[in-house]
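Here is the structure we will look at, set down as structure tokens.
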Number of protein chains: 2
Amino acid sequence: MLALLVDGRTPADPAGAIAVNDRGLQYGDGLFETALLTGGRVRFLEEHLRRLSAGCQRLGISMPDRQRLLGEVDAIIAGHQAGVLKILVTRGAGGRGYRPSPDLVASRIVMLYPLPDHCSDSGVRVRWCDTRLGRNARLAGMKHLNRLEQVLAQAEWEDPTIEEGLMLDTEGELVCATAANLFIVRDGVLVTPDLRFCGVRGIMRSHVLEQARRLGVAASEEPLWPRDVEAASEFFLSNAVRGLRPIVELDGLRWAPGPVCEELRRTLT
Amino acid sequence: MLALLVDGRTPADPAGAIAVNDRGLQYGDGLFETALLTGGRVRFLEEHLRRLSAGCQRLGISMPDRQRLLGEVDAIIAGHQAGVLKILVTRGAGGRGYRPSPDLVASRIVMLYPLPDHCSDSGVRVRWCDTRLGRNARLAGMKHLNRLEQVLAQAEWEDPTIEEGLMLDTEGELVCATAANLFIVRDGVLVTPDLRFCGVRGIMRSHVLEQARRLGVAASEEPLWPRDVEAASEFFLSNAVRGLRPIVELDGLRWAPGPVCEELRRTLT
């Protein structure tokens with residue numbers, strides 16, 4: 001980790017900086033954002049804070065003061081040009097059992113990590129994960145701290161040449177990769193899973209949909225199934241840190257990087 | 001909190017005792033146990049440790065050394081007669097992203113809380129929760145740290161005379177209360193939800209099933225639905241700390257404490 005602020009302070013010891021009774025630890029009772037720092041600026045910071053705020057509202061967590069959070073982000077990126085900014089907000093420390101007391105003050109943990117190792121721009125190999133995503137519309141779309149399914153999914157493979165795993169929900173619907181959203185192009189239309197039951201509504205995903213409309217590419221959010229992938233002319237991943245990356249191989253199926261993904265990449269970055 | 005050990009040590013400051021990068025906080029990547037300390041002894045300690053160990057195995061977490069954990073439990077209960085023992089085990093601190101590195105050392109957090117306020121022995125009032133439980137057989141039965149659904153469910157009501165909320169899964173099947181298992185008696189048979197898709201396999205739940213068989217009461221684990229509750233002659237909750245408690249009211253429906261629950265209580269405690 002390059003830098004850390006916990007509730008606005010740099011802890012003397014990051015290895016002992018969080019309260020034992022923080023509800024983030026006890027119950028996964030919180031949310032996070034992962035954003036790209038590039039050229040000394042946080043990309044899509046406004047959108048990340050807006051999603052965080054919307055998630056807090058859905059969970060009944062008191063969203064930290066915006067100016068204070070922005071000040072902490074400024075402080076942590078100072079002197080850094082590139083990295084991964086992670087903002088983690090929990091409901092706070094304390095409360096008896098699951099029941100959240102309404103007067104809790106949210107915990108703010110702002111972290112800066114180095115950029116991940118360079119990953120192939122020319123296309124990624126992916127696999128199917130056995131671990132499924134449970135359906136719950138009440139939690140769908142949020143980047144909350146209940147992430148055991150993603151942990152188990154990423155634990156399924158070790159081959160370093162496979163960069164991502166595709167996840168289905170328990171009914172077999174295609175949802176996302178373990179840490180990215182998915183897009184296909186089918187009959188010239190850009191399609192991404194609608195995430196009505198599970199998955200995270202990525203910031204980059206929203207930008208891709210918006211940019212597609214701006215470019216005159218028809219775009220749609222709808223249920224997708226594994227068979228839709230086989231029929232796709234393009235297939236790619238989106239992620240706030242890694243951007244758009246074409247999928248070139250999945251279990252023997254192959255795709256070439258396609259024109260829709262290329263134009264989106266070119267105009268988005 | 002009455003006492004605390006983090007990885008075997010009493011932290012100088014419980015408000016800063018956990019690493020920021022502990023995977024319990026970052027992803028809810030861990031498990032917990034809640035046990036009753038009474039008469040200076042932890043009830044069903046053996047069973048709690050066995051469930052913890054089984055959960056670690058399912059999640060690929062390295063179960064802490066048994067003797068070390070037992071020593072920490074002994075240390076924390078020393079001088080206390082009664083309380084609630086909570087053992088929280090996470091996959092450990094570190095690792096990049098969701099992917100768990102295989103060499104992590106699990107974190108051990110052992111806590112002793114005062115007993116909860118005395119709750120009615122004569123029967124509890126419960127309600128239906130709107131928050132549903134997502135189905136995922138991969139996680140079903142474990143007392144893992146992904147507990148947002150329970151948090152949201154308990155946030156639904158404030159009436160202190162209602163002690164528990166009943167939870168359905170997303171398909172409408174009856175699963176559990178927010179922090180207890182459920183039993184009904186139907187045509188003389190003790191029935192509890194089978195938890196094949198979600199819910200926690202309570203230690204007290206297992207004891208109730210075992211004790212019923214010992215008493216010659218037919219017992220069954222099977223899917224239950226809300227309509228099964230209406231037809232039940234008895235309806236009760238089980239929990240390792242609070243024991244067995246008859247439900248006396250649910251949304252206008254009423255039950256009297258019944259003979260099966262009474263006999264189980266009498267012979268189990």
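By convention here, the chains of the structure tokens are called A, B, ... in the order presented, each chain's residues are numbered starting at 1, and ligands are numbered starting at 1 in the order presented.
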
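The protein and nucleic acid residues lying at most 7 Å from Glu164 in chain B are Val126, Arg127, Ala177 and Thr178 of chain B, with only C-alpha atoms considered and sequence neighbours fewer than 3 positions away removed.
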
Interface residues on chain B facing chain A, 7 Å, only C-alpha atoms, written as a ChimeraX atom specification
/B:14-20,24-29,98-100,133-136,145-148,150-151,154-155,170

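Between CA of Gly39 in chain A and CA of Pro114 in chain A lies a distance of 13.5 Å.
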